[in-house]
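Undergrad: Contents of my_file.txt (compact mmCIF, C-alpha atoms and all ligand atoms):
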```txt
# COMPACT_ATOMS: atom_id res chain seq x y z
CA MET A 549 151.30 57.53 -211.12
CA THR A 550 147.53 57.38 -211.03
CA VAL A 551 145.91 59.89 -208.72
CA ALA A 552 142.87 58.95 -206.67
CA ALA A 553 140.79 61.77 -208.09
CA ALA A 554 137.53 59.83 -208.25
CA ALA A 555 136.07 61.51 -205.17
CA VAL A 556 136.14 64.96 -206.78
CA TRP A 557 133.94 64.01 -209.72
CA PRO A 558 130.38 65.26 -209.56
CA ARG A 559 127.82 62.52 -209.10
CA LEU A 560 125.20 61.64 -211.68
CA GLU A 561 122.45 63.30 -209.66
CA ASP A 562 124.46 66.54 -209.59
CA VAL A 563 124.89 66.76 -213.36
CA VAL A 564 121.68 65.24 -214.68
CA ASP A 565 119.74 68.53 -214.65
CA PRO A 566 122.44 70.53 -216.45
CA ILE A 567 122.72 67.70 -219.00
CA ARG A 568 118.94 67.67 -219.42
CA ARG A 569 119.03 71.43 -220.16
CA ILE A 570 121.90 71.04 -222.62
CA VAL A 571 120.01 68.29 -224.46
CA ALA A 572 116.84 70.43 -224.54
CA ASP A 573 118.55 73.66 -225.67
CA ALA A 574 121.14 72.45 -228.22
CA ASP A 575 120.33 72.94 -231.90
CA GLN A 576 122.40 69.91 -232.69
CA ILE A 577 124.35 67.45 -230.57
CA THR A 578 127.48 65.66 -231.73
CA CYS A 579 128.37 62.36 -230.05
CA LEU A 580 132.10 61.82 -230.40
CA ALA A 581 133.92 58.52 -229.84
CA HIS A 582 137.69 58.26 -229.44
CA LYS A 583 140.10 57.38 -232.22
CA ASP A 584 140.65 53.65 -232.75
CA ALA A 585 137.16 53.45 -231.27
CA ASP A 586 136.26 50.30 -229.38
CA ALA A 587 132.79 48.95 -228.72
CA ASP A 588 132.58 50.79 -225.39
CA SER A 589 133.27 54.20 -226.89
CA LEU A 590 131.24 53.76 -230.08
CA GLY A 591 128.50 51.61 -228.51
CA SER A 592 128.00 54.29 -225.85
CA ALA A 593 127.89 57.06 -228.46
CA LEU A 594 125.46 55.13 -230.68
CA GLY A 595 123.27 54.06 -227.77
CA PHE A 596 123.08 57.61 -226.43
CA ALA A 597 122.47 59.09 -229.90
CA GLN A 598 119.65 56.68 -230.74
CA ALA A 599 117.96 57.19 -227.38
CA LEU A 600 118.01 60.98 -227.84
CA ARG A 601 116.91 60.70 -231.46
CA ALA A 602 113.87 58.86 -230.21
CA LYS A 603 113.17 62.02 -228.19
CA GLY A 604 113.35 64.10 -231.39
CA ARG A 605 116.80 65.61 -230.98
CA ILE A 606 119.14 66.20 -233.92
CA ILE A 607 122.18 64.04 -233.28
CA ARG A 608 125.35 63.19 -235.17
CA VAL A 609 127.80 60.44 -234.30
CA VAL A 610 131.41 61.17 -235.24
CA VAL A 611 134.56 59.06 -234.97
CA PRO A 612 138.10 60.28 -235.76
CA GLU A 613 139.60 58.53 -238.81
CA PRO A 614 139.72 55.69 -239.66
CA LEU A 615 136.19 54.25 -239.56
CA PRO A 616 136.30 51.25 -237.15
CA ARG A 617 134.82 48.74 -239.59
CA LEU A 618 135.08 45.82 -237.13
CA LEU A 619 132.27 47.53 -235.19
CA GLU A 620 129.81 47.70 -238.06
CA TYR A 621 127.59 45.22 -236.21
CA LEU A 622 126.65 47.86 -233.66
CA PRO A 623 123.06 49.02 -234.22
CA GLY A 624 123.09 52.52 -235.75
CA PHE A 625 126.58 52.13 -237.22
CA GLU A 626 125.30 53.52 -240.55
CA MET A 627 124.96 56.95 -238.90
CA VAL A 628 128.67 57.10 -238.01
CA GLU A 629 130.62 59.88 -239.76
CA THR A 630 134.36 60.27 -240.13
CA GLY A 631 135.79 63.48 -241.57
CA GLY A 632 133.11 65.68 -243.09
CA ALA A 633 131.39 68.57 -241.36
CA PRO A 634 132.99 70.18 -238.32
CA LEU A 635 131.69 69.27 -234.88
CA GLY A 636 128.73 71.37 -233.71
CA GLY A 637 128.67 73.64 -230.68
CA THR A 638 127.54 70.92 -228.29
CA VAL A 639 129.69 67.82 -228.06
CA PHE A 640 129.25 64.72 -225.91
CA THR A 641 132.35 62.54 -225.60
CA PHE A 642 132.35 58.85 -224.67
CA ASP A 643 135.09 56.81 -222.98
CA CYS A 644 137.75 59.47 -223.64
CA ALA A 645 140.15 60.12 -220.77
CA THR A 646 142.19 62.90 -222.40
CA LEU A 647 141.96 65.39 -225.26
CA GLY A 648 144.67 63.34 -226.98
CA ARG A 649 142.07 60.65 -227.65
CA PHE A 650 140.34 62.85 -230.26
CA GLY A 651 143.18 62.72 -232.81
CA GLU A 652 142.59 65.19 -235.63
CA ARG A 653 139.36 66.31 -233.87
CA ARG A 654 141.15 67.61 -230.80
CA ALA A 655 141.17 71.32 -231.74
CA GLU A 656 137.45 71.16 -232.53
CA VAL A 657 136.70 69.71 -229.10
CA GLU A 658 138.79 72.46 -227.51
CA ARG A 659 136.81 75.08 -229.46
CA ALA A 660 133.36 73.58 -228.82
CA GLY A 661 130.99 75.73 -226.77
CA THR A 662 129.85 72.91 -224.50
CA VAL A 663 131.55 69.57 -223.93
CA VAL A 664 129.93 66.84 -221.86
CA ASN A 665 132.65 64.33 -220.97
CA ILE A 666 131.25 60.90 -220.04
CA ASP A 667 133.77 58.27 -219.06
CA HIS A 668 134.95 55.62 -216.60
CA HIS A 669 138.75 56.12 -216.68
CA LEU A 670 140.27 57.03 -213.32
CA SER A 671 142.85 59.04 -215.26
CA ASN A 672 140.23 61.29 -216.94
CA THR A 673 141.56 64.85 -217.03
CA GLY A 674 138.16 66.52 -216.66
CA PHE A 675 138.38 68.42 -219.97
CA GLY A 676 134.60 68.83 -220.24
CA THR A 677 132.29 71.71 -219.40
CA ILE A 678 130.46 68.97 -217.53
CA ASN A 679 132.28 65.83 -216.46
CA LEU A 680 130.40 62.63 -215.69
CA VAL A 681 133.17 60.23 -214.78
CA ASP A 682 132.57 57.07 -212.76
CA ALA A 683 135.74 55.04 -212.30
CA SER A 684 133.77 52.32 -210.51
CA ALA A 685 131.79 51.59 -213.69
CA SER A 686 132.98 48.58 -215.70
CA ALA A 687 132.31 50.44 -218.95
CA THR A 688 131.25 53.86 -220.16
CA GLY A 689 128.14 52.07 -221.42
CA GLN A 690 127.17 51.50 -217.79
CA VAL A 691 127.38 55.25 -217.09
CA ILE A 692 125.30 55.95 -220.22
CA TYR A 693 122.61 53.51 -219.14
CA ARG A 694 122.22 55.27 -215.78
CA LEU A 695 122.19 58.68 -217.47
CA LEU A 696 119.54 57.64 -220.01
CA ARG A 697 117.36 56.26 -217.23
CA GLU A 698 117.69 59.55 -215.31
CA LEU A 699 116.85 61.50 -218.47
CA GLY A 700 113.79 59.33 -218.99
CA ALA A 701 115.05 58.27 -222.42
CA PRO A 702 113.77 54.99 -223.89
CA ILE A 703 116.05 51.94 -223.92
CA SER A 704 115.04 50.34 -227.23
CA PRO A 705 116.45 46.95 -228.29
CA ALA A 706 118.98 48.80 -230.50
CA VAL A 707 120.13 51.01 -227.60
CA ALA A 708 120.24 47.98 -225.27
CA THR A 709 122.37 46.08 -227.81
CA ASP A 710 124.88 48.94 -228.15
CA LEU A 711 125.21 49.30 -224.39
CA TYR A 712 125.43 45.53 -223.91
CA ALA A 713 128.25 45.37 -226.49
CA ALA A 714 130.03 48.18 -224.62
CA LEU A 715 129.75 46.36 -221.30
CA PHE A 716 130.45 42.91 -222.69
CA THR A 717 133.66 43.86 -224.49
CA ASP A 718 135.06 46.21 -221.83
CA THR A 719 134.82 43.32 -219.36
CA GLY A 720 136.40 40.94 -221.89
CA GLY A 721 133.17 38.97 -222.13
CA PHE A 722 132.66 39.23 -218.34
CA ARG A 723 136.08 37.69 -217.64
CA HIS A 724 138.17 40.71 -216.57
CA GLU A 725 138.53 41.80 -212.94
CA ASN A 726 136.23 44.76 -213.61
CA THR A 727 133.29 42.33 -213.88
CA THR A 728 131.10 43.21 -210.91
CA GLU A 729 127.68 42.43 -209.50
CA ALA A 730 126.52 45.77 -210.92
CA SER A 731 127.78 44.99 -214.42
CA LEU A 732 126.18 41.53 -214.42
CA ARG A 733 122.88 42.98 -213.19
CA LEU A 734 123.07 45.64 -215.89
CA ALA A 735 123.72 42.91 -218.47
CA ALA A 736 120.51 41.19 -217.37
CA ALA A 737 118.58 44.47 -217.59
CA LEU A 738 119.91 45.08 -221.11
CA VAL A 739 118.97 41.55 -222.18
CA ALA A 740 115.48 42.19 -220.76
CA ALA A 741 115.41 45.38 -222.88
CA GLY A 742 116.17 43.43 -226.05
CA ALA A 743 119.93 42.81 -226.31
CA ASP A 744 120.81 39.31 -227.56
CA PRO A 745 123.90 38.09 -225.64
CA GLY A 746 124.67 35.21 -228.00
CA TRP A 747 124.54 37.51 -231.03
CA VAL A 748 126.75 40.17 -229.41
CA ALA A 749 129.27 37.47 -228.41
CA LEU A 750 129.24 36.10 -231.96
CA LYS A 751 129.81 39.57 -233.43
CA SER A 752 132.43 40.56 -230.83
CA TYR A 753 134.59 37.47 -230.64
CA LYS A 754 133.58 34.97 -233.31
CA SER A 755 133.40 37.05 -236.49
CA ARG A 756 137.08 37.40 -237.34
CA SER A 757 138.45 37.35 -240.86
CA LEU A 758 141.04 34.87 -242.11
CA ALA A 759 143.51 37.76 -242.40
CA GLN A 760 143.01 38.63 -238.72
CA VAL A 761 143.67 35.08 -237.54
CA ARG A 762 146.66 34.70 -239.89
CA LEU A 763 148.12 37.95 -238.58
CA GLU A 764 147.61 36.78 -234.99
CA GLY A 765 149.34 33.51 -235.84
CA MET A 766 152.35 35.39 -237.17
CA ALA A 767 152.53 37.70 -234.15
CA VAL A 768 152.22 34.78 -231.71
CA ALA A 769 154.82 32.70 -233.58
CA GLN A 770 157.41 35.43 -233.19
CA MET A 771 156.48 36.41 -229.63
CA HIS A 772 159.37 37.17 -227.29
CA SER A 773 159.40 35.83 -223.76
CA GLU A 774 161.66 37.38 -221.14
CA MET A 775 162.12 37.06 -217.39
CA ASP A 776 160.70 33.52 -217.15
CA GLY A 777 157.68 34.44 -219.23
CA ARG A 778 156.70 37.38 -217.05
CA LEU A 779 157.31 39.78 -219.91
CA LEU A 780 155.73 38.76 -223.21
CA TRP A 781 155.81 40.94 -226.27
CA SER A 782 155.39 40.89 -229.99
CA GLU A 783 154.96 43.27 -232.88
CA VAL A 784 152.91 43.93 -235.97
CA THR A 785 154.96 45.39 -238.79
CA ASP A 786 153.95 46.76 -242.14
CA GLN A 787 155.54 43.73 -243.76
CA MET A 788 153.46 41.33 -241.63
CA LEU A 789 150.27 43.17 -242.62
CA GLU A 790 151.18 42.76 -246.24
CA GLN A 791 151.97 39.06 -245.84
CA ALA A 792 148.69 38.39 -244.03
CA GLY A 793 146.65 40.58 -246.37
CA ALA A 794 145.56 42.50 -243.29
CA ASP A 795 145.43 46.09 -242.08
CA MET A 796 146.20 47.46 -238.62
CA GLN A 797 142.59 47.15 -237.43
CA ASP A 798 143.07 43.39 -237.84
CA SER A 799 145.66 43.44 -235.02
CA GLU A 800 142.75 43.72 -232.58
CA GLY A 801 142.76 40.58 -230.44
CA ILE A 802 146.46 39.68 -230.69
CA ILE A 803 147.12 41.15 -227.27
CA ASP A 804 144.47 38.78 -225.85
CA ALA A 805 146.51 35.80 -227.06
CA LEU A 806 149.64 37.18 -225.36
CA GLN A 807 147.84 37.89 -222.10
CA SER A 808 146.35 34.39 -221.94
CA ILE A 809 149.75 32.93 -220.99
CA ALA A 810 149.91 31.77 -217.38
CA THR A 811 153.22 33.38 -216.42
CA MET A 812 152.35 36.78 -217.91
CA GLN A 813 152.79 39.88 -215.77
CA ILE A 814 153.17 42.35 -218.64
CA ALA A 815 152.15 41.71 -222.25
CA ILE A 816 152.92 44.29 -224.90
CA LEU A 817 152.02 44.48 -228.58
CA PHE A 818 153.98 46.99 -230.66
CA LYS A 819 152.23 48.23 -233.79
CA GLU A 820 154.15 49.91 -236.59
CA HIS A 821 151.64 52.45 -237.88
CA THR A 822 154.07 54.35 -240.11
CA ALA A 823 157.87 54.49 -240.33
CA ASP A 824 157.96 56.93 -237.38
CA ARG A 825 154.67 56.22 -235.63
CA THR A 826 154.31 53.28 -233.21
CA LYS A 827 151.40 52.36 -230.95
CA ILE A 828 151.42 49.92 -228.06
CA SER A 829 148.73 47.87 -226.34
CA VAL A 830 149.60 46.72 -222.84
CA ARG A 831 147.99 44.19 -220.48
CA SER A 832 149.08 43.36 -216.95
CA ARG A 833 148.44 41.13 -214.00
CA ASP A 834 148.90 41.81 -210.28
CA PRO A 835 150.87 43.49 -208.87
CA ILE A 836 151.64 45.45 -212.03
CA ASP A 837 149.59 48.38 -213.27
CA ALA A 838 149.46 48.56 -217.08
CA THR A 839 149.16 52.35 -216.98
CA ASP A 840 152.63 52.51 -215.38
CA VAL A 841 154.04 51.13 -218.65
CA CYS A 842 152.21 53.78 -220.69
CA THR A 843 152.10 57.02 -218.68
CA PRO A 844 155.86 57.68 -219.05
CA PHE A 845 155.11 57.99 -222.78
CA GLY A 846 151.99 60.12 -222.54
CA GLY A 847 149.58 57.17 -222.77
CA GLY A 848 147.08 55.83 -220.26
CA GLY A 849 144.10 53.59 -219.73
CA HIS A 850 143.09 51.20 -216.99
CA ARG A 851 145.01 49.14 -214.42
CA ARG A 852 144.75 45.99 -216.51
CA ALA A 853 144.68 47.47 -220.05
CA ALA A 854 146.45 50.54 -221.33
CA GLY A 855 148.02 52.01 -224.43
CA ALA A 856 150.30 54.71 -225.80
CA GLU A 857 151.38 56.27 -229.06
CA PHE A 858 154.92 57.23 -230.07
CA GLY A 859 156.48 59.56 -232.60
CA ASP A 860 159.26 56.95 -232.85
CA PRO A 861 160.15 54.15 -235.26
CA LEU A 862 159.26 50.67 -234.01
CA PRO A 863 162.75 49.65 -232.77
CA VAL A 864 163.13 52.86 -230.77
CA ALA A 865 159.70 52.52 -229.18
CA GLU A 866 160.48 48.89 -228.34
CA ARG A 867 163.74 49.78 -226.65
CA LYS A 868 162.14 52.53 -224.53
CA VAL A 869 159.05 50.59 -223.49
CA LEU A 870 160.75 47.26 -222.79
CA GLU A 871 163.20 49.04 -220.49
CA VAL A 872 160.31 50.40 -218.42
CA ALA A 873 158.53 47.04 -218.44
CA ARG A 874 161.62 45.13 -217.29
CA ARG A 875 162.15 47.60 -214.48
CA LEU A 876 158.53 47.28 -213.32
CA ILE A 877 158.76 43.48 -213.28
CA ASP A 878 162.11 43.61 -211.48
CA SER A 879 160.75 45.84 -208.73
CA ALA A 880 157.63 43.63 -208.39
CA ARG A 881 159.59 40.48 -207.58
MN MN A 901 135.81 51.82 -221.68
```
Show this structure as structure tokens.
TA:
Amino acid sequence: MTVAAAAVWPRLEDVVDPIRRIVADADQITCLAHKDADADSLGSALGFAQALRAKGRIIRVVVPEPLPRLLEYLPGFEMVETGGAPLGGTVFTFDCATLGRFGERRAEVERAGTVVNIDHHLSNTGFGTINLVDASASATGQVIYRLLRELGAPISPAVATDLYAALFTDTGGFRHENTTEASLRLAAALVAAGADPGWVALKSYKSRSLAQVRLEGMAVAQMHSEMDGRLLWSEVTDQMLEQAGADMQDSEGIIDALQSIATMQIAILFKEHTADRTKISVRSRDPIDATDVCTPFGGGGHRRAAGAEFGDPLPVAERKVLEVARRLIDSAR
């Protein structure tokens, strides 16, 4: 169950002064994206970091392992660290709803002196010292843009490009239901500030490797359809990765093929990370909430896109999740 907690979050104007003080006083600031970082999380972190660097602050950008190499087009990507030095005393987090999103960095976030949690997930648990959560924002990048403007930080073409990529991809190229007047107006402002929409679209959706497309072909070819096509699911196994010459990062995008089918109410991609570690990506259409498929297993996300991680082998995870999905579709009839 998602709880309508949005009203209790402090507003931007209530937290901007404390954030301004934190930025001014910190010896070093670490910008932390979530594991399996997407362009919203990492683009927000990189955009924020570069804007504050321009103000002379010492900033690091850290991502839990592994390095998300598909995002190397984001301006500033060369500053991204995985592993290495521990997080500093002041940590900003981007697009992370729960502490579970930090993977092996979780304990460090819990120990950090000050955590500024910036996000747009309704399900955010408010783990920060300061929480700037706006569930009405289409992307965390949108929240970052407003914050940077309030802080009087410059929006350079590099910052604009990172935030545009965040907004563009979290709205599925301005096709998802979270595309709003505000997000389209922000897109125009970011283009005015130097983002190139054609280039970001090329890098986001038209720069795939052969291995990625081959892997998608395999996953689509063996897709399962149940309940008159309402439930669509497939899997990526270790063996498929080997056959396609791909790695798990290349499975990005397969779920989009599944969710493009007209009858779809729930689409699920099961990913075999290790023999006893499975991850799922879930998409849904009305009246089904994708988070309802994932929260029973400790996952979460948004109404239309969610995920979860299991300490189970692939077949076990499939059995558990498909049971929940079938029940949700049954009760939605
Ligand atoms: Mn996001």
Undergrad: Residues up to 7 Å from ligand MN 901 (chain A), counting all atoms listed in the file: could you list those as a list in words?
TA: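 Protein and nucleic-acid residues within 7 Å of ligand MN 901 (chain A): Asp588, Ser589, Asp643, His668, Ala687, Thr688 and Asp718 of chain A.
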Undergrad: Suppose you want the space between atom CA of Cys842 of chain A and atom CA of Met812 of chain A; what is it in Å?
TA: 17.2 Å
Undergrad: Of the residues A:Gly624, A:Gly720, A:Pro614, A:Gly849, which is the one nearest to Tyr753 of chain A, using only C-alpha atoms?
TA: A:Gly720
Undergrad: For segment 834-841 of chain A, please output as a list in words all residues within 8 Å (counting all atoms listed in the file; exclusion window: fewer than 5 positions along the same chain).
TA: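 That gives Met549, Thr550, Gln813, Ile814, Gly847, Gly848, Gly849, His850, Arg851, Arg852, Ala853, Ala854, Gly855, Val869, Val872, Ala873, Leu876, Ile877 and Ala880 of chain A.
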Undergrad: What is the distance between atom CA of Thr662 of chain A and atom CA of Thr677 of chain A, in Å to one decimal?
TA: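 Interatomic distance here is 5.8 Å.
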Undergrad: Mind giving me the straight-line distance from atom CA of Asp575 of chain A to atom CA of Arg601 of chain A in Å, one decimal?
TA: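 Value for the atom CA of Asp575 of chain A-atom CA of Arg601 of chain A distance: 12.7 Å.
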Undergrad: If I wrap all listed atoms of segment 678-696 of chain A in a box with edges along x, y and z and add 8 Å on each side, what are its centre and edge lengths in Å to one decimal, as JSON?
TA:
```
{"center_x": 127.6, "center_y": 58.8, "center_z": -216.0, "size_x": 32.2, "size_y": 36.4, "size_z": 26.9}
```
Undergrad: Quick one: residues within 12 Å of (142.2, 34.0, -245.9) (file frame), counting only C-alpha atoms, please, as a list in words.
TA: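 Taken together, the residues in range are Arg756, Ser757, Leu758, Ala759, Gln760, Val761, Arg762, Leu763, Gln791, Ala792, Gly793 and Ala794 of chain A.
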